[in-house]
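Pasted below: work-v3.txt, compact mmCIF, C-alpha atoms.
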# COMPACT_ATOMS: atom_id res chain seq x y z
CA MET Q 1 154.11 175.65 27.43
CA CYS Q 2 155.04 179.07 28.79
CA HIS Q 3 155.39 179.87 32.46
CA ILE Q 4 156.65 182.71 34.61
CA SER Q 5 158.92 182.26 37.62
CA GLN Q 6 160.93 184.73 39.69
CA LYS Q 7 163.11 181.91 41.01
CA GLN Q 8 165.71 179.85 39.19
CA TYR Q 9 163.65 176.66 39.36
CA ASP Q 10 159.95 175.94 39.49
CA VAL Q 11 160.45 172.60 41.26
CA SER Q 12 163.23 170.87 43.18
CA CYS Q 13 162.43 167.16 43.08
CA VAL Q 14 164.04 164.84 45.63
CA GLY Q 15 163.65 161.15 44.92
CA MET Q 16 165.00 157.89 43.65
CA LEU Q 17 165.91 157.13 40.08
CA CYS Q 18 166.60 153.78 38.48
CA ALA Q 19 166.56 151.79 35.28
CA ASP Q 20 163.48 149.67 34.68
CA VAL Q 21 163.58 146.40 32.79
CA LEU Q 22 159.96 145.94 31.72
CA ALA Q 23 158.53 142.58 30.67
CA ARG Q 24 154.98 142.22 29.31
CA PRO Q 25 152.73 140.32 29.63
CA VAL Q 26 153.69 138.33 32.73
CA ASN Q 27 150.59 136.71 34.25
CA ASN Q 28 152.53 133.98 36.05
CA LEU Q 29 156.19 133.39 36.79
CA PRO Q 30 157.75 130.33 35.15
CA PRO Q 31 158.43 127.29 37.35
CA ARG Q 32 161.76 127.21 39.13
CA GLY Q 33 164.45 126.51 36.55
CA GLY Q 34 161.97 127.04 33.71
CA LEU Q 35 161.39 129.66 31.04
CA ASP Q 36 158.38 131.47 29.60
CA LEU Q 37 158.17 133.74 26.57
CA VAL Q 38 156.85 137.31 26.68
CA GLU Q 39 155.88 139.67 23.89
CA ASN Q 40 158.18 142.54 24.82
CA ILE Q 41 161.13 143.45 27.04
CA SER Q 42 162.47 147.01 27.17
CA ILE Q 43 164.79 149.15 29.29
CA GLN Q 44 163.59 152.60 30.34
CA SER Q 45 164.26 155.24 32.97
CA GLY Q 46 162.28 154.83 36.16
CA GLY Q 47 162.08 155.70 39.82
CA CYS Q 48 159.69 158.15 41.44
CA GLY Q 49 162.03 161.14 41.23
CA ALA Q 50 163.01 160.59 37.60
CA ASN Q 51 159.45 159.82 36.51
CA ALA Q 52 157.99 162.94 38.09
CA SER Q 53 160.85 165.17 36.91
CA ILE Q 54 160.51 164.03 33.30
CA CYS Q 55 156.75 164.58 33.34
CA LEU Q 56 157.18 168.02 34.93
CA SER Q 57 159.73 169.01 32.30
CA ARG Q 58 157.42 167.86 29.50
CA LEU Q 59 154.71 170.04 31.06
CA GLY Q 60 157.00 173.08 30.79
CA VAL Q 61 158.01 173.18 34.44
CA THR Q 62 161.71 173.91 35.15
CA THR Q 63 162.78 171.03 37.37
CA VAL Q 64 166.02 170.00 39.07
CA LEU Q 65 166.36 166.43 40.36
CA PHE Q 66 168.27 165.36 43.47
CA GLY Q 67 169.35 161.73 43.78
CA ARG Q 68 172.24 159.25 43.49
CA VAL Q 69 173.41 157.01 40.69
CA GLY Q 70 176.38 154.70 40.40
CA LYS Q 71 179.42 155.32 38.23
CA ASP Q 72 178.31 152.73 35.69
CA SER Q 73 176.65 152.36 32.32
CA ILE Q 74 173.15 152.46 33.81
CA GLY Q 75 173.96 155.72 35.58
CA ASN Q 76 175.24 157.19 32.32
CA PHE Q 77 172.06 156.01 30.60
CA LEU Q 78 169.92 157.83 33.16
CA TYR Q 79 171.97 161.03 32.87
CA ASP Q 80 171.51 160.97 29.10
CA VAL Q 81 167.75 160.43 29.38
CA LEU Q 82 167.27 163.24 31.90
CA GLU Q 83 169.36 165.74 29.96
CA LYS Q 84 167.52 164.89 26.75
CA GLU Q 85 164.23 165.51 28.59
CA GLY Q 86 165.38 168.90 29.86
CA VAL Q 87 165.60 167.90 33.53
CA ARG Q 88 168.37 169.77 35.35
CA THR Q 89 170.93 167.27 36.68
CA GLU Q 90 173.13 169.43 38.93
CA GLY Q 91 171.40 167.82 41.92
CA LEU Q 92 172.57 164.30 41.02
CA ARG Q 93 175.55 162.67 42.70
CA LYS Q 94 177.60 159.77 41.36
CA ASP Q 95 178.41 157.02 43.88
CA SER Q 96 181.56 154.99 43.17
CA THR Q 97 180.77 152.35 45.81
CA LEU Q 98 177.33 151.12 44.67
CA PRO Q 99 175.62 150.36 41.36
CA THR Q 100 172.80 152.45 39.97
CA SER Q 101 169.41 151.31 41.23
CA SER Q 102 167.38 149.07 38.93
CA SER Q 103 164.06 147.25 38.83
CA VAL Q 104 162.56 144.28 37.04
CA VAL Q 105 158.93 145.15 36.32
CA CYS Q 106 156.55 142.33 35.42
CA ILE Q 107 153.39 143.68 33.81
CA ASP Q 108 150.34 141.44 33.49
CA SER Q 109 147.78 141.45 30.67
CA LYS Q 110 145.57 143.92 32.60
CA GLY Q 111 148.36 146.46 33.09
CA GLU Q 112 149.06 145.76 36.75
CA ARG Q 113 152.70 145.38 37.71
CA SER Q 114 154.83 143.51 40.22
CA ILE Q 115 158.32 144.82 40.88
CA LEU Q 116 161.66 143.39 41.98
CA HIS Q 117 163.82 146.30 43.07
CA CYS Q 118 167.48 146.83 43.99
CA LEU Q 119 168.07 150.04 45.96
CA GLY Q 120 171.68 150.39 44.81
CA ALA Q 121 173.02 153.94 45.12
CA ASN Q 122 169.61 155.20 46.26
CA ALA Q 123 170.25 153.44 49.56
CA HIS Q 124 173.00 155.98 50.38
CA PHE Q 125 171.19 159.12 49.23
CA SER Q 126 170.97 161.46 52.25
CA ILE Q 127 170.32 165.05 53.27
CA THR Q 128 174.03 165.81 52.74
CA ASP Q 129 173.51 165.25 49.01
CA VAL Q 130 171.00 168.10 48.78
CA HIS Q 131 172.22 171.60 47.85
CA THR Q 132 170.07 173.81 50.05
CA GLU Q 133 170.76 176.89 47.94
CA ILE Q 134 169.01 175.19 45.02
CA ILE Q 135 166.05 174.22 47.22
CA LEU Q 136 165.70 177.83 48.32
CA SER Q 137 165.95 178.97 44.69
CA SER Q 138 162.88 176.89 43.88
CA ARG Q 139 159.20 177.68 44.21
CA ILE Q 140 158.18 174.12 45.07
CA LEU Q 141 159.89 171.21 46.82
CA PHE Q 142 158.58 167.79 45.84
CA ILE Q 143 159.78 164.74 47.77
CA ALA Q 144 158.90 161.74 45.62
CA GLY Q 145 158.88 158.13 46.74
CA THR Q 146 159.24 158.49 50.49
CA PHE Q 147 160.01 155.09 52.13
CA LEU Q 148 162.41 154.07 49.33
CA MET Q 149 165.33 156.26 50.49
CA PRO Q 150 166.44 154.68 53.79
CA ALA Q 151 169.30 157.12 54.51
CA PHE Q 152 167.05 160.12 53.81
CA ASP Q 153 163.65 159.03 55.12
CA GLY Q 154 162.84 160.29 58.59
CA GLU Q 155 165.39 162.88 59.71
CA GLY Q 156 166.30 163.92 56.17
CA THR Q 157 162.67 164.46 55.23
CA LEU Q 158 162.06 166.47 58.38
CA SER Q 159 165.15 168.67 57.98
CA LEU Q 160 164.49 169.47 54.34
CA THR Q 161 160.77 170.14 54.60
CA ARG Q 162 161.27 172.34 57.67
CA LEU Q 163 163.99 174.36 55.91
CA ALA Q 164 161.90 174.80 52.78
CA TYR Q 165 158.70 175.60 54.66
CA GLU Q 166 160.36 178.22 56.84
CA ASN Q 167 161.79 179.91 53.75
CA GLY Q 168 158.53 180.15 51.83
CA VAL Q 169 158.95 177.14 49.52
CA THR Q 170 155.77 175.13 48.89
CA CYS Q 171 156.34 171.58 50.18
CA CYS Q 172 154.73 168.53 48.56
CA LEU Q 173 155.35 164.90 49.53
CA ASP Q 174 154.34 161.62 47.90
CA THR Q 175 154.80 158.18 49.43
CA HIS Q 176 155.55 154.67 48.23
CA TRP Q 177 154.92 151.26 49.75
CA ASP Q 178 156.84 150.94 53.04
CA SER Q 179 158.35 147.47 53.09
CA SER Q 180 159.84 148.20 56.53
CA GLY Q 181 156.34 148.55 58.02
CA ARG Q 182 157.18 151.78 59.87
CA TRP Q 183 154.81 153.98 57.87
CA MET Q 184 153.74 157.08 59.82
CA GLU Q 185 156.70 156.78 62.19
CA LEU Q 186 158.97 157.99 59.37
CA ILE Q 187 157.01 161.09 58.35
CA ARG Q 188 154.98 162.13 61.40
CA ASP Q 189 157.36 164.93 62.42
CA ALA Q 190 157.45 166.34 58.88
CA MET Q 191 153.67 166.52 58.47
CA PRO Q 192 153.32 170.11 59.87
CA TYR Q 193 155.68 171.33 57.15
CA LEU Q 194 153.69 169.91 54.23
CA HIS Q 195 151.50 172.17 52.14
CA TRP Q 196 150.37 169.11 50.16
CA PHE Q 197 150.45 165.46 51.22
CA MET Q 198 149.86 163.16 48.24
CA PRO Q 199 149.64 159.42 49.08
CA SER Q 200 147.80 156.70 47.19
CA GLU Q 201 144.65 155.23 48.74
CA THR Q 202 146.44 152.04 49.75
CA GLU Q 203 149.31 153.93 51.34
CA ALA Q 204 146.89 156.32 53.03
CA PHE Q 205 145.11 153.34 54.61
CA HIS Q 206 148.34 152.01 56.10
CA LEU Q 207 149.38 155.48 57.24
CA SER Q 208 146.08 156.47 58.82
CA GLY Q 209 144.23 153.25 59.65
CA GLU Q 210 141.15 154.80 58.02
CA LYS Q 211 139.19 153.25 55.14
CA GLU Q 212 137.38 156.26 53.68
CA PRO Q 213 139.21 159.10 51.84
CA GLY Q 214 137.60 161.87 53.88
CA ALA Q 215 138.56 160.22 57.15
CA MET Q 216 142.08 159.62 55.84
CA ALA Q 217 142.47 163.27 54.88
CA ARG Q 218 141.15 164.52 58.22
CA ARG Q 219 143.61 162.26 60.03
CA PHE Q 220 146.53 163.67 58.05
CA GLN Q 221 145.36 167.22 58.67
CA SER Q 222 145.14 166.48 62.38
CA LEU Q 223 148.85 165.62 62.20
CA GLY Q 224 149.66 168.96 60.61
CA ALA Q 225 149.41 168.58 56.82
CA GLN Q 226 147.67 171.66 55.40
CA ASN Q 227 146.14 170.08 52.31
CA VAL Q 228 145.71 166.45 51.26
CA ILE Q 229 145.20 164.79 47.89
CA ILE Q 230 144.64 161.03 47.84
CA LYS Q 231 145.19 159.16 44.58
CA LEU Q 232 142.34 156.74 43.84
CA GLY Q 233 143.57 155.17 40.60
CA GLU Q 234 140.82 154.69 38.04
CA ARG Q 235 138.42 156.56 40.35
CA GLY Q 236 140.45 159.78 40.18
CA CYS Q 237 141.38 161.53 43.41
CA PHE Q 238 140.03 163.04 46.62
CA ILE Q 239 141.11 166.51 47.76
CA MET Q 240 140.71 168.21 51.10
CA GLN Q 241 142.08 171.70 51.57
CA GLU Q 242 142.65 173.40 54.88
CA GLY Q 243 139.36 174.63 56.36
CA GLU Q 244 137.26 173.32 53.47
CA GLU Q 245 135.09 170.34 52.64
CA GLY Q 246 136.70 167.58 50.64
CA PHE Q 247 135.71 166.74 47.07
CA PHE Q 248 136.33 164.07 44.44
CA SER Q 249 137.81 164.71 41.01
CA PRO Q 250 136.98 161.88 38.58
CA ALA Q 251 139.51 160.15 36.37
CA TYR Q 252 139.32 160.22 32.58
CA ARG Q 253 138.35 157.01 30.77
CA VAL Q 254 141.37 155.49 29.03
CA GLN Q 255 142.49 152.06 27.88
CA ALA Q 256 145.08 151.07 30.50
CA VAL Q 257 148.09 149.14 29.27
CA ASP Q 258 150.55 149.62 32.14
CA ALA Q 259 150.05 151.36 35.48
CA SER Q 260 153.80 151.90 36.01
CA GLY Q 261 154.53 155.51 36.99
CA ALA Q 262 150.89 156.59 36.99
CA GLY Q 263 151.08 157.99 40.51
CA ASP Q 264 154.27 159.91 39.69
CA ALA Q 265 152.67 161.33 36.54
CA PHE Q 266 149.58 162.30 38.53
CA CYS Q 267 151.70 164.17 41.09
CA ALA Q 268 153.64 165.90 38.31
CA GLY Q 269 150.40 167.08 36.75
CA PHE Q 270 149.09 168.41 40.03
CA ILE Q 271 152.35 170.19 40.86
CA ALA Q 272 152.48 171.67 37.35
CA GLY Q 273 149.09 173.19 38.07
CA LEU Q 274 150.30 174.59 41.39
CA ALA Q 275 153.38 176.03 39.68
CA ARG Q 276 151.07 177.96 37.36
CA GLY Q 277 148.97 179.28 40.22
CA TRP Q 278 145.93 177.16 39.34
CA SER Q 279 143.27 176.17 41.83
CA ALA Q 280 143.33 172.72 43.41
CA LYS Q 281 140.30 171.72 41.33
CA ASP Q 282 141.96 172.68 38.04
CA SER Q 283 145.29 171.17 39.11
CA ALA Q 284 143.50 167.91 39.93
CA ARG Q 285 141.97 167.81 36.45
CA LEU Q 286 145.42 168.17 34.93
CA ALA Q 287 146.77 165.52 37.32
CA ASN Q 288 144.06 163.06 36.29
CA ALA Q 289 144.75 163.79 32.63
CA VAL Q 290 148.52 163.26 32.95
CA GLY Q 291 148.02 160.10 34.99
CA GLY Q 292 145.54 158.84 32.40
CA CYS Q 293 147.99 159.50 29.58
CA CYS Q 294 150.69 157.61 31.45
CA VAL Q 295 148.85 154.28 31.60
CA ARG Q 296 148.19 154.17 27.85
CA LYS Q 297 151.70 152.92 27.05
CA VAL Q 298 154.22 150.53 28.60
CA GLY Q 299 156.68 152.28 30.90
CA THR Q 300 156.59 155.15 33.34
CA THR Q 301 156.79 158.12 30.93
CA PRO Q 302 156.24 157.17 27.23
CA GLY Q 303 152.49 157.80 27.49
CA VAL Q 304 152.97 161.38 28.74
CA GLU Q 305 153.24 163.23 25.45
CA CYS Q 306 152.92 166.99 25.75
Let me see whether you can do it: turn the structure in this file into structure tokens.
Amino acid sequence: MCHISQKQYDVSCVGMLCADVLARPVNNLPPRGGLDLVENISIQSGGCGANASICLSRLGVTTVLFGRVGKDSIGNFLYDVLEKEGVRTEGLRKDSTLPTSSSVVCIDSKGERSILHCLGANAHFSITDVHTEIILSSRILFIAGTFLMPAFDGEGTLSLTRLAYENGVTCCLDTHWDSSGRWMELIRDAMPYLHWFMPSETEAFHLSGEKEPGAMARRFQSLGAQNVIIKLGERGCFIMQEGEEGFFSPAYRVQAVDASGAGDAFCAGFIAGLARGWSAKDSARLANAVGGCCVRKVGTTPGVEC
């Protein structure tokens, strides 16, 4: 796809990357000391930052990824995948003290997944790893997977979004499940610097305390976020722009095989629309389409074929 940009990059993506070991179907874990057979086990790239960056690149959006990997075979594997996909890797840093992050993803027969995750090198990723000149050479900053980067979450998020916002870069932020239970405490100060806040419905509930998408969005706007898009899974998404009424954008009907990476694909689709100057409504349609494509195959990116 063709696009026009006056800056070096369309998107600077900040987020975790890891290797995913995917097993399917896993409806129950074997008893302690036991063994069960599954139909398929594969190793693929994963992590919110890598997933979104690969999808963006496939959508024709020039993307540079910031993150950390270890100096090991898994790190080399991820470098090879990203370069093959056309994702710019000058934002990645190799950590000689920790292994590359990895996950064991157990996918049940309905496509839902449960994840065992090792933070690895992602645990040390911090604001000092980010080249600000690249951020300022980008049209859009996307922070993917907030709450999974403990050395960056909080102060790092605030510093980077404020810098980007004050220099005319569009700031987008997606969240992940916060196992620490701190939730809004970690992103409250950064909210006024977000042009788009993009949580899932479950995350939005824990962040806002509200149960209805409109109330969630209004709560986030009261904290400073200009525009809000809430991912609703098979129901599509809810969008509320600054000074306007909110609206729903329905999902496309697809046969779901694996929900892994669907939220990252959705965000990539939406941001690809923004990068092309599309309206929020049209960008949401693309986001729903990319998210729908994602769930048709096992893994975070194989279903996104552009």
Handout entry: Within-12 Å shell of (166.3, 162.8, 57.1) in input frame, all atoms listed in the file, as a PyMOL selection string
Key = chain Q and resi 14+124-130+143+146-147+149-163+186-187+189-190
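Remark: residues at most 12 Å from position (143.4, 171.8, 37.6) in file coordinates are Q:Cys237, Q:Ile239, Q:Ser249, Q:Pro250, Q:Phe266, Q:Cys267, Q:Ala268, Q:Gly269, Q:Phe270, Q:Ile271, Q:Ala272, Q:Gly273, Q:Leu274, Q:Ala275, Q:Arg276, Q:Gly277, Q:Trp278, Q:Ser279, Q:Ala280, Q:Lys281, Q:Asp282, Q:Ser283, Q:Ala284, Q:Arg285, Q:Leu286, Q:Ala287, Q:Asn288, Q:Ala289, Q:Val290, using only C-alpha atoms.
Residues in contact range of stretch 97-112 of chain Q, defined as at most 6 Å between only C-alpha atoms, with sequence neighbours fewer than 5 positions away removed, read Cys18, Ala19, Asp20, Val21, Leu22, Ala23, Arg24, Pro25, Val26, Asn27, Val69, Gly70, Gly75, His117, Cys118, Leu119, Gly120, Ala121, Val257, Asp258 and Ala259 of chain Q.
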Practice task
For atom CA of Q:Gln44 and atom CA of Q:Gly67, determine how far apart the two atoms are, in Å to one decimal place.
Solution key: 17.2 Å
Handout entry: Who sits within 7 Å of Q:Leu232, only C-alpha atoms, same chain under 4 positions skipped, as an MDAnalysis selection string
Key = chainID Q and resid 200:201 236:237
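Interatomic distance, atom CA of Q:Leu223 against atom CA of Q:Trp196: 12.6 Å.
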Practice task
Compare Q:Cys48, Q:Val228, Q:Ala217, Q:Met240 by their minimum atom-to-atom distance to Q:Gly263, counting all atoms listed in the file, and give me the closest one.
Solution key: Q:Cys48
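Restricting the calculation to all atoms listed in the file, the smallest distance between Q:Gly145 and any of Q:Leu78, Q:Ile115, Q:Leu37, Q:Ala50 is found for Q:Ala50.
Taking atom CA of Q:Pro213 and atom CA of Q:Ser260 as endpoints, the distance between them is 22.7 Å.
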Practice task
List the neighbours of Q:Lys84 out to 12 Å using all atoms listed in the file; skip same-chain residues closer than 5 positions along the sequence, and give me the result as a VMD selection string.
Solution key: chain Q and resid 45 54 57 to 58 77 to 79 89
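Each of Q:Val87, Q:Arg218, Q:Asn28, Q:Ala225 was checked against Q:Arg113 using all atoms listed in the file; the smallest atom-to-atom distance is that of Q:Asn28.
Using only C-alpha atoms for every distance, the candidate list Q:Leu29, Q:Ala251, Q:Met198, Q:Val169 yields Q:Met198 as the residue closest to Q:Ile230.
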Fill in the blank from the handout: Judged by all atoms listed in the file, the minimum distance to Q:Thr132 among Q:Ser12, Q:Glu242, Q:Ser73, Q:Arg296 is found for Q:Ser12
I'd like the box whose edges run along x, y and z of the file and which contains every listed atom of stretch 201-215 of chain Q, padded by 3 Å per side; could you state its centre and edge lengths in Å, one decimal, as JSON?
{"center_x": 143.4, "center_y": 156.9, "center_z": 54.2, "size_x": 18.0, "size_y": 15.9, "size_z": 16.9}
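When all atoms listed in the file are used to measure the gap to Q:Asn227, the shortest distance among Q:Trp183, Q:Phe197, Q:Tyr165, Q:Phe142 belongs to Q:Phe197.
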